[in-house]
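Novice: So that we are looking at the same thing, I have put the structure below in structure tokens.
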Amino acid sequence: METERDVYFSELIEELSSELSIYKEFLALAEKKTGVLVKGDVKTLSEITGIEQNLVLKLGRIEERRLNIVKRIAASSGKDIKDIGAEFFEKTLSSDELGRFKSVSCELKRVLSELKQKNSTNEKLIRRALDYIRFSLEVITEAGKDASVYNARGNNSGQGALRVIDKKA
């Protein structure tokens with residue numbers, strides 16, 4: 001017969017599996033984003049960002065449900081919520097449940113590690129793109145700043161060369 005705690009553990013594993021699924025979607029988007037950043041495809045990057053925002057909202061709802069389940073597990077076990085961790089589950093879960101729990105949590109750790117690496121790569125690509133844009137703007141706005149303009153007689157007219165972009169604008 002299934003106890004109340006067994007139901008909570010099953011719900012917890014379900015929520016962790018849902019989180020894993022969403023993080024896998026984030027990973028696939030991060031991989032796609034790398035190519036998009038290299039190509040400079042702003043439209044697709046914007047679309048990816050919109051999808052990521054929706055995933056963040058879904059993840060927030062799942063995380064809230066997961067936290068409530070952990071609170072119920074803590075209450076039904078007579079423990080403080082901070083005491084509900086891997087060690088608690090190892091002592092409490094049956095071998096089958098523990099196997100499922102470890103499987104999901106290990107896969108979640110692996111995906112999060114890959115996602116962290118991809119996000120780091122994408123961050124570097126974005127920083128380089130921003131540095132290039134900053135450099136390009138400096139070149140364009142500083143063009144002719146110190147250059148002199150000469151009139152028909154070869155005398156310095158005292159005016160600077162025409163700027164392509166006015167920084168103050």
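Ligands are numbered from 1 in the order shown, residues from 1 within each chain, and chains are lettered A, B, ... in the order they appear in the structure tokens.
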Determine which residues of chain A receive a DSSP assignment of alpha helix (DSSP H), computed from the backbone, and state them as a ChimeraX atom specification.
Specialist: /A:4-39,42-77,86-92,95-142
Novice: Extract, using only C-alpha atoms, all DNA, RNA and protein residues at most 9 Å from Thr34 of chain A, discarding same-chain residues fewer than 5 positions from it, and format them as a ChimeraX atom specification.
Specialist: /A:29,39,118-119,121-122,125
Novice: Please produce a file of those selected residues containing C-alpha atoms, as an mmCIF file, in the first residue's frame.
Specialist:
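Okay, this is what ended up in out-v6.cif:
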data_model
loop_
_atom_site.group_PDB
_atom_site.id
_atom_site.type_symbol
_atom_site.label_atom_id
_atom_site.label_comp_id
_atom_site.auth_asym_id
_atom_site.auth_seq_id
_atom_site.Cartn_x
_atom_site.Cartn_y
_atom_site.Cartn_z
ATOM 1 C CA LEU A 29 18.435 26.593 -27.523
ATOM 2 C CA LYS A 39 26.131 34.449 -37.962
ATOM 3 C CA LYS A 118 27.328 26.724 -23.545
ATOM 4 C CA ASN A 119 26.153 29.886 -21.816
ATOM 5 C CA THR A 121 30.683 30.375 -24.728
ATOM 6 C CA ASN A 122 27.667 32.440 -25.824
ATOM 7 C CA LEU A 125 30.578 35.660 -28.306
#
Novice: What lies within 9 Å of Ile62 of chain A using only C-alpha atoms, ignoring chain neighbours under 5 positions off, as a compact mmCIF listing (two decimals) with C-alpha atoms, in the first residue's frame?
Specialist:
# COMPACT_ATOMS: atom_id res chain seq x y z
CA GLU A 15 8.71 17.51 -10.99
CA LEU A 16 12.45 16.87 -11.26
CA SER A 18 9.84 18.09 -15.78
CA GLU A 19 12.70 20.40 -14.76
CA LEU A 57 8.22 31.07 -16.50
CA LEU A 67 9.46 23.28 -3.18
Novice: What's around segment 4-14 of chain A at 12 Å? Count only C-alpha atoms, leave out sequence neighbours fewer than 4 positions away in its own chain, and write the answer as a ChimeraX atom specification.
Specialist: /A:18-21,62-78,84,88-89,92-94,96-105,108
Novice: Within segment 42-164 of chain A, find each residue whose DSSP state, derived from the backbone, is strand (DSSP E or B), and express the selection as an MDAnalysis selection string.
Specialist: chainID A and resid 148:150 156:160
Novice: For the residues selected in the previous step, produce a file with N, CA and C atoms as a compact mmCIF listing (two decimals), in the first residue's frame.
Specialist:
# COMPACT_ATOMS: atom_id res chain seq x y z
N SER A 148 42.98 68.11 -40.09
CA SER A 148 42.71 69.48 -40.50
C SER A 148 42.14 69.48 -41.90
N VAL A 149 41.37 70.52 -42.19
CA VAL A 149 40.83 70.70 -43.53
C VAL A 149 41.52 71.92 -44.13
N TYR A 150 42.04 71.77 -45.33
CA TYR A 150 42.76 72.87 -45.99
C TYR A 150 41.88 73.50 -47.05
N ASN A 156 45.33 76.06 -43.52
CA ASN A 156 44.44 75.36 -42.61
C ASN A 156 43.23 76.24 -42.36
N SER A 157 42.06 75.71 -42.63
CA SER A 157 40.84 76.49 -42.47
C SER A 157 40.39 76.55 -41.01
N GLY A 158 41.01 75.72 -40.14
CA GLY A 158 40.64 75.73 -38.72
C GLY A 158 39.42 74.87 -38.42
N GLN A 159 38.87 74.25 -39.44
CA GLN A 159 37.72 73.37 -39.21
C GLN A 159 38.18 71.92 -39.23
N GLY A 160 37.51 71.11 -38.45
CA GLY A 160 37.80 69.68 -38.46
C GLY A 160 37.13 69.04 -39.66
Novice: Measure the distance from atom CA of Val38 of chain A to atom CA of Lys109 of chain A in Å and round it to one decimal.
Specialist: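 One can read the atom CA of Val38 of chain A to atom CA of Lys109 of chain A distance as 27.4 Å.
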Novice: Have a look at atom CA of Val111 of chain A and atom CA of Leu37 of chain A and let me know their distance in Å, one decimal.
Specialist: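 Atom CA of Val111 of chain A sits 21.3 Å away from atom CA of Leu37 of chain A.
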Novice: Could you jot down the atom CA of Lys124 of chain A to atom CA of Lys58 of chain A separation for me, Å, one decimal place?
Specialist: 27.1 Å
Novice: Which residue gives the smallest distance to Cys106 of chain A among A:Glu52, A:Ile126, A:Gly35, A:Ala86, with only C-alpha atoms counted?
Specialist: A:Ala86
